[in-house]
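Visitor: What follows is final-v1.cif, mmCIF, C-alpha atoms and all ligand atoms.
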```cif
data_my_file
loop_
_atom_site.label_atom_id
_atom_site.label_comp_id
_atom_site.auth_asym_id
_atom_site.auth_seq_id
_atom_site.Cartn_x
_atom_site.Cartn_y
_atom_site.Cartn_z
CA MET A 22 168.39 111.31 180.88
CA ALA A 23 165.02 111.06 179.26
CA ASP A 24 162.39 108.60 178.28
CA LEU A 25 162.19 107.35 174.73
CA LYS A 26 159.11 106.15 172.93
CA ILE A 27 159.09 104.51 169.53
CA ALA A 28 155.43 104.50 168.52
CA ALA A 29 154.16 102.32 165.65
CA VAL A 30 157.23 103.09 163.54
CA SER A 31 157.64 101.47 160.12
CA LYS A 32 160.39 101.93 157.56
CA HIS A 33 160.76 100.41 154.11
CA PHE A 34 163.69 100.55 151.73
CA GLY A 35 162.08 99.78 148.38
CA GLN A 36 160.41 96.41 148.82
CA THR A 37 162.31 95.64 152.07
CA ALA A 38 160.41 96.21 155.28
CA ALA A 39 163.36 97.09 157.52
CA VAL A 40 161.20 97.97 160.55
CA ARG A 41 157.55 97.01 160.93
CA ASP A 42 155.13 98.64 163.32
CA LEU A 43 157.72 98.91 166.07
CA ASN A 44 156.68 99.94 169.57
CA ILE A 45 159.21 100.38 172.36
CA ASP A 46 158.59 102.46 175.45
CA MET A 47 161.75 103.13 177.45
CA ALA A 48 161.76 104.74 180.87
CA SER A 49 164.45 107.23 181.73
CA GLY A 50 167.60 105.40 182.83
CA GLU A 51 166.69 102.16 181.09
CA PHE A 52 169.23 100.09 179.17
CA VAL A 53 167.46 98.32 176.32
CA VAL A 54 169.49 95.94 174.17
CA LEU A 55 168.27 95.00 170.71
CA LEU A 56 169.18 91.50 169.59
CA GLY A 57 168.43 89.79 166.33
CA PRO A 58 169.92 88.18 163.26
CA SER A 59 171.64 90.16 160.55
CA GLY A 60 169.14 92.28 158.62
CA ALA A 61 166.57 92.21 161.45
CA GLY A 62 166.31 96.00 161.54
CA LYS A 63 168.46 96.84 164.58
CA THR A 64 170.64 99.53 163.02
CA THR A 65 167.68 101.00 161.17
CA THR A 66 165.89 101.35 164.52
CA LEU A 67 168.81 103.31 165.97
CA ARG A 68 169.01 105.48 162.85
CA LEU A 69 165.28 106.22 163.07
CA VAL A 70 165.69 107.37 166.67
CA ALA A 71 168.74 109.46 165.73
CA GLY A 72 166.86 111.09 162.86
CA LEU A 73 169.22 109.70 160.23
CA GLU A 74 166.19 107.96 158.68
CA THR A 75 162.63 109.22 158.49
CA PRO A 76 159.90 106.71 159.27
CA ASP A 77 157.19 105.93 156.68
CA SER A 78 154.74 106.05 159.56
CA GLY A 79 154.77 106.32 163.35
CA GLN A 80 156.61 108.68 165.68
CA VAL A 81 159.66 108.95 167.87
CA TRP A 82 159.19 110.73 171.20
CA ILE A 83 162.03 111.87 173.45
CA ASN A 84 161.14 113.22 176.86
CA GLY A 85 157.52 113.68 175.91
CA ARG A 86 158.34 115.61 172.72
CA ASP A 87 157.51 114.31 169.26
CA VAL A 88 160.88 114.56 167.47
CA THR A 89 159.89 112.66 164.33
CA GLN A 90 160.42 115.72 162.15
CA VAL A 91 163.26 117.23 164.21
CA ALA A 92 166.76 117.37 162.68
CA PRO A 93 169.34 114.89 164.14
CA ALA A 94 171.49 117.63 165.68
CA LEU A 95 168.51 118.98 167.61
CA ARG A 96 167.33 115.66 169.04
CA ASP A 97 169.86 115.50 171.87
CA VAL A 98 170.94 111.93 171.12
CA THR A 99 174.43 110.54 170.52
CA PHE A 100 175.37 107.62 168.39
CA VAL A 101 178.40 105.39 169.10
CA PHE A 102 179.37 103.15 166.21
CA GLN A 103 181.25 99.89 166.00
CA GLN A 104 184.20 101.59 164.37
CA TYR A 105 185.56 104.33 166.56
CA SER A 106 185.57 107.52 164.57
CA LEU A 107 188.15 109.70 166.28
CA TYR A 108 189.94 112.72 164.82
CA PRO A 109 193.44 111.28 164.39
CA HIS A 110 195.21 114.63 164.37
CA LEU A 111 193.72 115.64 167.73
CA SER A 112 194.76 114.63 171.23
CA VAL A 113 192.49 112.54 173.44
CA TYR A 114 191.58 115.74 175.30
CA ASP A 115 190.57 117.55 172.12
CA ASN A 116 188.67 114.54 170.81
CA LEU A 117 186.65 114.47 174.03
CA ALA A 118 186.20 118.25 173.99
CA PHE A 119 185.14 118.34 170.35
CA PRO A 120 181.37 117.75 170.80
CA LEU A 121 181.29 120.48 173.47
CA ARG A 122 182.90 123.01 171.12
CA SER A 123 180.07 122.70 168.60
CA PRO A 124 178.65 126.12 167.71
CA LEU A 125 175.25 124.83 168.83
CA ARG A 126 176.59 124.74 172.38
CA LYS A 127 178.13 127.68 174.03
CA THR A 128 180.31 125.95 176.58
CA SER A 129 183.18 127.85 178.19
CA GLU A 130 186.68 126.32 178.10
CA ASP A 131 186.58 126.02 181.89
CA ASP A 132 183.38 124.01 181.77
CA ILE A 133 184.79 121.92 178.92
CA ARG A 134 187.91 121.14 180.98
CA ALA A 135 185.80 120.13 183.97
CA LYS A 136 183.61 117.85 181.87
CA VAL A 137 186.46 116.26 179.92
CA THR A 138 188.34 115.59 183.14
CA GLU A 139 185.28 114.03 184.74
CA VAL A 140 184.66 111.73 181.76
CA ALA A 141 188.35 110.81 181.45
CA ARG A 142 188.23 109.78 185.11
CA MET A 143 185.14 107.65 184.49
CA LEU A 144 186.91 105.96 181.59
CA ARG A 145 190.14 105.65 183.57
CA MET A 146 192.03 107.59 180.93
CA GLU A 147 193.19 110.68 182.84
CA ASP A 148 196.82 109.89 182.10
CA LYS A 149 196.19 109.62 178.35
CA LEU A 150 194.58 113.02 177.78
CA GLN A 151 197.58 114.49 175.98
CA ASN A 152 198.19 111.43 173.77
CA PRO A 153 197.46 111.81 170.08
CA ALA A 154 194.42 109.68 169.22
CA THR A 155 196.56 107.61 166.89
CA ARG A 156 198.78 106.48 169.77
CA LEU A 157 196.16 104.47 171.59
CA SER A 158 195.24 100.81 171.65
CA GLY A 159 191.96 99.70 170.08
CA GLY A 160 190.31 99.49 173.48
CA GLN A 161 191.49 102.96 174.43
CA MET A 162 190.23 104.39 171.13
CA GLN A 163 186.83 102.87 171.71
CA ARG A 164 186.83 104.28 175.23
CA VAL A 165 187.42 107.73 173.79
CA ALA A 166 184.61 107.17 171.27
CA ILE A 167 182.27 106.29 174.15
CA GLY A 168 183.66 109.24 176.11
CA ARG A 169 182.71 111.60 173.30
CA ALA A 170 179.13 110.48 173.76
CA LEU A 171 179.36 110.83 177.55
CA VAL A 172 180.67 114.42 177.60
CA ARG A 173 177.53 115.57 175.86
CA ASN A 174 175.30 114.02 178.47
CA PRO A 175 172.54 113.55 175.91
CA ALA A 176 168.92 112.62 176.49
CA VAL A 177 169.45 109.24 174.84
CA TYR A 178 172.52 107.19 173.92
CA LEU A 179 172.40 105.00 170.84
CA MET A 180 175.13 102.39 170.57
CA ASP A 181 175.61 100.09 167.59
CA GLU A 182 177.86 97.18 168.56
CA PRO A 183 180.33 99.52 170.24
CA LEU A 184 182.47 96.69 171.61
CA SER A 185 182.42 94.22 168.74
CA SER A 186 185.75 95.20 167.22
CA LEU A 187 187.64 94.56 170.47
CA ASP A 188 189.31 91.38 171.66
CA ALA A 189 187.58 89.26 174.27
CA LYS A 190 189.39 90.63 177.31
CA LEU A 191 188.96 94.29 176.42
CA ARG A 192 185.40 93.62 175.54
CA ASN A 193 184.74 92.17 178.97
CA ASP A 194 186.50 95.04 180.72
CA LEU A 195 184.72 97.71 178.74
CA ARG A 196 181.37 95.96 179.12
CA LEU A 197 181.72 96.15 182.89
CA GLU A 198 182.77 99.78 182.71
CA LEU A 199 179.88 100.66 180.47
CA LYS A 200 177.47 99.06 182.90
CA ARG A 201 179.01 100.96 185.81
CA ILE A 202 178.91 104.27 183.94
CA GLN A 203 175.33 103.71 182.86
CA GLN A 204 174.32 102.95 186.44
CA ASP A 205 176.20 105.95 187.80
CA THR A 206 174.82 108.38 185.23
CA GLN A 207 171.38 106.73 184.90
CA ALA A 208 171.70 107.24 181.14
CA THR A 209 168.95 106.04 178.82
CA MET A 210 170.58 103.65 176.37
CA LEU A 211 169.41 101.80 173.29
CA TYR A 212 172.14 99.36 172.38
CA VAL A 213 172.60 96.88 169.54
CA THR A 214 174.71 93.76 169.84
CA HIS A 215 175.08 90.23 168.50
CA ASP A 216 176.72 89.17 171.74
CA GLN A 217 174.33 87.44 174.10
CA VAL A 218 176.61 87.91 177.10
CA GLU A 219 176.49 91.66 176.54
CA ALA A 220 172.74 91.50 176.16
CA LEU A 221 172.21 89.43 179.30
CA THR A 222 174.55 91.44 181.49
CA LEU A 223 173.89 94.98 180.30
CA ALA A 224 170.20 95.11 179.58
CA THR A 225 167.39 96.07 181.88
CA ARG A 226 165.26 94.77 179.01
CA ILE A 227 166.11 92.90 175.83
CA GLY A 228 164.18 93.46 172.61
CA VAL A 229 164.44 90.66 170.07
CA LEU A 230 163.90 91.75 166.48
CA ASP A 231 163.25 89.46 163.54
CA HIS A 232 162.46 90.59 160.01
CA GLY A 233 161.82 94.11 161.24
CA GLN A 234 159.39 93.03 163.94
CA LEU A 235 159.79 93.09 167.68
CA VAL A 236 159.08 89.48 168.63
CA GLN A 237 159.72 89.86 172.34
CA LEU A 238 160.61 92.58 174.81
CA GLY A 239 161.35 91.67 178.39
CA THR A 240 163.94 91.40 181.15
CA PRO A 241 166.89 89.13 180.35
CA GLN A 242 165.39 86.54 182.68
CA GLN A 243 161.97 86.66 180.99
CA VAL A 244 163.44 86.36 177.52
CA TYR A 245 165.73 83.50 178.56
CA GLU A 246 163.28 81.52 180.65
CA ASP A 247 160.06 82.29 178.85
CA PRO A 248 160.91 82.81 175.16
CA ALA A 249 158.09 83.57 172.74
CA SER A 250 159.44 81.43 169.91
CA VAL A 251 162.13 79.01 168.79
CA ALA A 252 164.02 81.94 167.27
CA VAL A 253 164.13 83.78 170.61
CA ALA A 254 164.97 80.62 172.58
CA SER A 255 167.87 79.88 170.23
CA ARG A 256 169.27 83.40 170.45
CA LEU A 257 170.03 83.29 174.17
CA GLY A 258 171.89 80.55 175.98
CA SER A 259 175.25 78.87 175.65
CA PRO A 260 175.27 76.06 174.66
CA ARG A 261 172.27 76.68 172.46
CA ILE A 262 168.96 75.23 173.52
CA ASN A 263 168.45 71.62 172.34
CA LEU A 264 165.62 71.36 169.81
CA LEU A 265 164.05 67.93 169.52
CA PRO A 266 161.18 66.57 167.47
CA ARG A 267 158.22 65.87 169.67
CA ALA A 268 158.56 62.11 169.26
CA ALA A 269 162.04 62.17 170.80
CA LEU A 270 160.66 62.35 174.33
CA ALA A 271 157.93 59.76 174.27
CA TYR A 272 157.08 60.13 177.95
CA LEU A 273 155.87 63.73 177.52
CA GLN A 274 152.16 64.40 177.18
CA VAL A 275 152.00 67.40 174.90
CA PRO A 276 149.16 69.07 172.98
CA GLU A 277 148.64 68.07 169.34
CA THR A 278 149.97 71.36 168.04
CA VAL A 279 153.42 70.84 169.54
CA THR A 280 156.04 69.76 166.98
CA THR A 281 159.29 70.80 168.64
CA LEU A 282 160.61 70.50 172.17
CA GLY A 283 163.23 72.87 173.52
CA VAL A 284 165.45 71.63 176.35
CA ARG A 285 168.21 73.73 177.86
CA ALA A 286 171.44 71.98 178.77
CA GLU A 287 171.10 72.87 182.45
CA HIS A 288 167.73 71.13 182.62
CA ILE A 289 169.21 67.71 181.84
CA GLN A 290 170.55 65.83 184.84
CA VAL A 291 172.51 62.61 184.77
CA CYS A 292 170.87 60.09 187.10
CA HIS A 293 172.83 58.01 189.58
CA PRO A 294 171.60 54.99 191.53
CA ASP A 295 170.04 57.19 194.21
CA THR A 296 168.26 59.44 191.66
CA LEU A 297 167.39 56.72 189.15
CA ALA A 298 163.72 56.87 190.07
CA GLN A 299 163.57 60.37 188.53
CA ALA A 300 164.91 59.26 185.15
CA ASN A 301 162.62 59.95 182.22
CA ALA A 302 164.93 59.20 179.27
CA GLN A 303 167.98 57.22 178.26
CA ALA A 304 170.97 58.44 176.36
CA ARG A 305 174.44 57.45 175.25
CA VAL A 306 177.44 59.62 176.04
CA GLU A 307 179.15 60.40 172.74
CA ARG A 308 181.82 62.75 174.00
CA ILE A 309 182.65 65.10 176.84
CA GLU A 310 183.73 68.67 176.30
CA ARG A 311 185.49 70.54 179.01
CA LEU A 312 184.91 74.29 179.17
CA SER A 313 186.59 76.55 181.68
CA ASP A 314 183.89 76.24 184.31
CA GLN A 315 181.68 73.36 183.23
CA TYR A 316 181.52 70.13 181.31
CA LEU A 317 179.26 69.52 178.35
CA LEU A 318 178.04 66.02 177.72
CA HIS A 319 177.24 65.36 174.08
CA LEU A 320 174.54 62.71 174.18
CA SER A 321 172.55 60.75 171.64
CA LEU A 322 169.07 59.42 172.19
CA PRO A 323 168.59 55.71 171.57
CA GLY A 324 167.33 54.66 168.16
CA SER A 325 167.76 58.10 166.65
CA GLU A 326 170.40 60.39 165.28
CA GLN A 327 169.20 63.01 167.70
CA GLY A 328 171.97 64.73 169.59
CA LEU A 329 171.53 66.46 172.93
CA ILE A 330 173.90 68.60 174.96
CA ALA A 331 173.76 68.52 178.74
CA SER A 332 175.83 70.53 181.17
CA ALA A 333 177.30 68.51 183.97
CA HIS A 334 179.25 68.93 187.17
CA PRO A 335 182.36 66.83 187.67
CA GLY A 336 180.46 64.48 190.00
CA GLU A 337 177.94 63.73 187.27
CA LEU A 338 180.40 62.75 184.61
CA ALA A 339 179.97 59.53 182.69
CA ARG A 340 182.37 57.96 180.21
CA PRO A 341 182.12 58.24 176.43
CA GLY A 342 180.24 55.23 175.07
CA GLU A 343 178.35 54.73 178.34
CA ASP A 344 174.56 54.39 178.34
CA ILE A 345 173.03 56.55 181.02
CA HIS A 346 169.69 57.57 182.45
CA ILE A 347 168.80 61.22 182.43
CA HIS A 348 166.19 63.40 184.01
CA ILE A 349 164.82 66.18 181.82
CA ALA A 350 163.50 68.61 184.35
CA HIS A 351 161.93 71.16 182.06
CA SER A 352 161.04 71.59 178.39
CA LEU A 353 159.62 74.36 176.24
CA TRP A 354 157.07 73.52 173.56
CA PHE A 355 156.76 75.02 170.10
CA ASP A 356 154.34 74.63 167.20
CA ALA A 357 155.14 74.07 163.52
CA GLY A 358 155.53 77.81 162.99
CA GLY A 359 158.11 78.03 165.80
CA GLN A 360 155.72 79.82 168.18
CA ARG A 361 155.59 78.84 171.81
CA VAL A 362 152.82 76.55 173.04
CA ARG A 363 152.37 77.24 176.74
CA HIS A 364 151.47 74.62 179.26
P1 LIG B 401 173.17 93.72 161.04
O1 LIG B 401 173.12 92.92 162.30
O2 LIG B 401 173.69 92.93 159.89
O3 LIG B 401 173.81 95.05 161.19
P2 LIG B 401 170.55 94.93 161.28
O4 LIG B 401 169.61 94.15 162.14
O5 LIG B 401 171.18 96.11 161.88
O6 LIG B 401 171.62 93.97 160.63
P3 LIG B 401 169.53 96.77 159.31
O7 LIG B 401 170.87 97.31 158.93
O8 LIG B 401 168.66 97.63 160.14
O9 LIG B 401 169.69 95.36 159.99
O10 LIG B 401 168.79 96.41 157.95
C1 LIG B 401 167.43 95.93 157.94
C2 LIG B 401 167.07 95.66 156.49
O11 LIG B 401 166.98 96.88 155.76
C3 LIG B 401 168.07 94.78 155.75
O12 LIG B 401 167.36 93.94 154.87
C4 LIG B 401 168.89 95.80 154.98
O13 LIG B 401 169.39 95.22 153.80
C5 LIG B 401 167.87 96.88 154.69
N1 LIG B 401 168.49 98.22 154.59
C6 LIG B 401 169.05 98.90 155.61
N2 LIG B 401 169.49 100.10 155.22
C7 LIG B 401 169.20 100.20 153.90
C8 LIG B 401 169.38 101.21 152.89
N3 LIG B 401 169.95 102.38 153.18
N4 LIG B 401 168.95 100.94 151.65
C9 LIG B 401 168.35 99.78 151.35
N5 LIG B 401 168.13 98.79 152.23
C10 LIG B 401 168.55 98.98 153.50
#
```
Before anything else, please render the file you have as structure tokens.
Guide:
Amino acid sequence: MADLKIAAVSKHFGQTAAVRDLNIDMASGEFVVLLGPSGAGKTTTLRLVAGLETPDSGQVWINGRDVTQVAPALRDVTFVFQQYSLYPHLSVYDNLAFPLRSPLRKTSEDDIRAKVTEVARMLRMEDKLQNPATRLSGGQMQRVAIGRALVRNPAVYLMDEPLSSLDAKLRNDLRLELKRIQQDTQATMLYVTHDQVEALTLATRIGVLDHGQLVQLGTPQQVYEDPASVAVASRLGSPRINLLPRAALAYLQVPETVTTLGVRAEHIQVCHPDTLAQANAQARVERIERLSDQYLLHLSLPGSEQGLIASAHPGELARPGEDIHIHIAHSLWFDAGGQRVRH
């Protein structure tokens, strides 16, 4: 456990600015998830913290110590990659013990056994300790890869899409376990993912990167409800936020600078006779999509090609082809550059 500070860090590769003037201050025990499109600089950020890249400028601080010039092995961080990198010829036990047997650490075999057993229990893999690493499922292999980070109990954990190669069920299971382990150990974690569910459920704060820049850093709720830009608003939320030209909602009084309106599906309500007075727009139901726990109404606005997706409860369902009244309870406003215009 330790705090981590990335202070004004920049990194170029030739002409490419991979990370630009990045500042992130993480308290001990925080779980920060980095989100962003491909090439945004997420992996480079982790590599800079690990010491696998040297910044052009700025510093990395771990537990109050400037480690910018410190070798990776001496930084007390561990890196878990997307592809589990186990030693195939070793058993699960020996894979987990391996980091503790490094010559840099002088850990006794008794202490190693205690630690490996503790971590195997956390990962619910006690009964697999003698298995060769090759005789494990993908999810079990990734558990061992995470376990190898846990046995070291480092100051900071760096995880680069550790669950992305797993199928949906394993991913869900391991996501929950990771959250539990992080809460139990109060580990400081910097974690990269493309998966918004992972980001929303794991993070104490989410950092959204775009073109090497941190465009927003906040709690999942802040980033979801109060996004700084169209890019951030579009990154979180399923279905994706509806983006409409300003003219699409004629009733709205918006400042001149606003060009785009963002409306989340849950903020569109279908009006019934008793709620008709609240209606502020009309729409036609094009089709209805049933998901496991909700319905999505695909709507079109009259006189335009503009589509709109609303989430609906069974009681609010209309029929395809039906013209309905809707109440748009909340909208987010953006300017021509995609930046938020606050009201
Ligand atoms: P992804 O989600 O695809 O993994 P990312 O957000 O992790 O992307 P990075 O891998 O950090 O992005 O890359 C940021 C930018 O820096 C990209 O434009 C990438 O091409 C470039 N880059 C990264 N590493 C190198 C390198 N070793 N040499 C040259 N360019 C690099």
Visitor: Pick out the closest residue to Gln237 of chain A from this set: A:Thr222, A:Thr89, A:Gln360, A:Thr278. Count only C-alpha atoms.
Guide: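 Closest to Gln237 of chain A of all the choices is A:Gln360.
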Visitor: Please write out the residues within 7 Å of ligand LIG 401 (chain B) as a list in words, counting all atoms listed in the file.
Guide: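 Using all atoms listed in the file, I find these residues within 7 Å of ligand LIG 401 (chain B): Phe34, Gly35, Thr37, Ala38, Ala39, Gly57, Pro58, Ser59, Gly60, Ala61, Gly62, Lys63, Thr64, Thr65, Thr66 and Gly233 of chain A.
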Visitor: Against segment 179-189 of chain A, which residues of segment 45-134 of chain A fall within 9 Å? For each one I want the closest pair of atoms and the distance in Å (one decimal), counting all atoms listed in the file, rows by chain and increasing residue number, as JSON lines.
Guide:
```
{"residue": "A:Lys63", "atom": "CA", "partner": "A:Asp181", "partner_atom": "CA", "distance": 8.4}
{"residue": "A:Thr64", "atom": "CA", "partner": "A:Asp181", "partner_atom": "CA", "distance": 6.8}
{"residue": "A:Leu67", "atom": "CA", "partner": "A:Leu179", "partner_atom": "CA", "distance": 6.3}
{"residue": "A:Arg68", "atom": "CA", "partner": "A:Leu179", "partner_atom": "CA", "distance": 8.7}
{"residue": "A:Val70", "atom": "CA", "partner": "A:Leu179", "partner_atom": "CA", "distance": 8.2}
{"residue": "A:Ala71", "atom": "CA", "partner": "A:Leu179", "partner_atom": "CA", "distance": 7.7}
{"residue": "A:Val98", "atom": "CA", "partner": "A:Leu179", "partner_atom": "CA", "distance": 7.1}
{"residue": "A:Thr99", "atom": "CA", "partner": "A:Leu179", "partner_atom": "CA", "distance": 5.9}
{"residue": "A:Phe100", "atom": "CA", "partner": "A:Leu179", "partner_atom": "CA", "distance": 4.7}
{"residue": "A:Val101", "atom": "CA", "partner": "A:Met180", "partner_atom": "CA", "distance": 4.7}
{"residue": "A:Phe102", "atom": "CA", "partner": "A:Asp181", "partner_atom": "CA", "distance": 5.0}
{"residue": "A:Gln103", "atom": "CA", "partner": "A:Pro183", "partner_atom": "CA", "distance": 4.4}
{"residue": "A:Gln104", "atom": "CA", "partner": "A:Ser186", "partner_atom": "CA", "distance": 7.2}
{"residue": "A:Tyr105", "atom": "CA", "partner": "A:Pro183", "partner_atom": "CA", "distance": 8.0}
```
Visitor: Give me the residues near Tyr272 of chain A as a PyMOL selection string, where near means some atom within 12 Å (using only C-alpha atoms) and where sequence neighbours in that chain fewer than 6 positions away do not count.
Guide: chain A and resi 300-303+348-349
Visitor: Which residue, A:Pro260, A:Pro341, A:Gly228, A:Gly72, has the smallest gap to Val91 of chain A when you use all atoms listed in the file?
Guide: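 Checking each of A:Pro260, A:Pro341, A:Gly228, A:Gly72 against Val91 of chain A, counting all atoms listed in the file, the winner is A:Gly72.
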Visitor: Taking all atoms of segment 233-250 of chain A that the file lists and extending 8 Å past them on each side, where is the centre of the axis-aligned box and how long are its edges? Answer in Å to one decimal, as JSON.
Guide:
```
{"center_x": 162.5, "center_y": 87.8, "center_z": 172.0, "size_x": 24.8, "size_y": 28.7, "size_z": 37.4}
```
Visitor: So, counting all atoms listed in the file, which residue among A:His351, A:His215, A:Ala224, A:Leu235 is closest to Val30 of chain A?
Guide: A:Leu235
Visitor: Would you fill the gaps in segment 275-291 of chain A so it has N, CA and C atoms, then print it as a tab-separated table (two decimals), in the frame of the given file?
Guide:
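Here's the written file out19.tsv:
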```tsv
chain	number	residue	atom	x	y	z
A	275	VAL	N	152.03	66.02	175.40
A	275	VAL	CA	152.00	67.40	174.90
A	275	VAL	C	150.80	67.59	173.98
A	276	PRO	N	150.30	68.83	173.87
A	276	PRO	CA	149.16	69.07	172.98
A	276	PRO	C	149.51	68.73	171.53
A	277	GLU	N	148.48	68.45	170.74
A	277	GLU	CA	148.64	68.07	169.34
A	277	GLU	C	149.48	69.05	168.53
A	278	THR	N	149.32	70.34	168.86
A	278	THR	CA	149.97	71.36	168.04
A	278	THR	C	151.49	71.42	168.22
A	279	VAL	N	151.97	70.76	169.26
A	279	VAL	CA	153.42	70.84	169.54
A	279	VAL	C	154.19	69.95	168.56
A	280	THR	N	155.20	70.55	167.89
A	280	THR	CA	156.04	69.76	166.98
A	280	THR	C	157.48	69.70	167.47
A	281	THR	N	157.88	70.70	168.24
A	281	THR	CA	159.29	70.80	168.64
A	281	THR	C	159.40	71.02	170.15
A	282	LEU	N	160.35	70.33	170.74
A	282	LEU	CA	160.61	70.50	172.17
A	282	LEU	C	161.95	71.20	172.35
A	283	GLY	N	161.98	72.17	173.23
A	283	GLY	CA	163.23	72.87	173.52
A	283	GLY	C	163.69	72.49	174.92
A	284	VAL	N	164.93	72.02	175.04
A	284	VAL	CA	165.45	71.63	176.35
A	284	VAL	C	166.81	72.31	176.55
A	285	ARG	N	166.92	73.09	177.59
A	285	ARG	CA	168.21	73.73	177.86
A	285	ARG	C	169.14	72.75	178.56
A	286	ALA	N	170.43	72.93	178.27
A	286	ALA	CA	171.44	71.98	178.77
A	286	ALA	C	171.39	71.84	180.29
A	287	GLU	N	171.08	72.94	180.98
A	287	GLU	CA	171.10	72.87	182.45
A	287	GLU	C	169.87	72.15	183.01
A	288	HIS	N	168.92	71.84	182.15
A	288	HIS	CA	167.73	71.13	182.62
A	288	HIS	C	167.83	69.61	182.42
A	289	ILE	N	169.00	69.15	182.01
A	289	ILE	CA	169.21	67.71	181.84
A	289	ILE	C	170.17	67.25	182.94
A	290	GLN	N	169.68	66.34	183.77
A	290	GLN	CA	170.55	65.83	184.84
A	290	GLN	C	170.86	64.35	184.60
A	291	VAL	N	172.11	64.01	184.86
A	291	VAL	CA	172.51	62.61	184.77
A	291	VAL	C	172.05	61.91	186.06
```
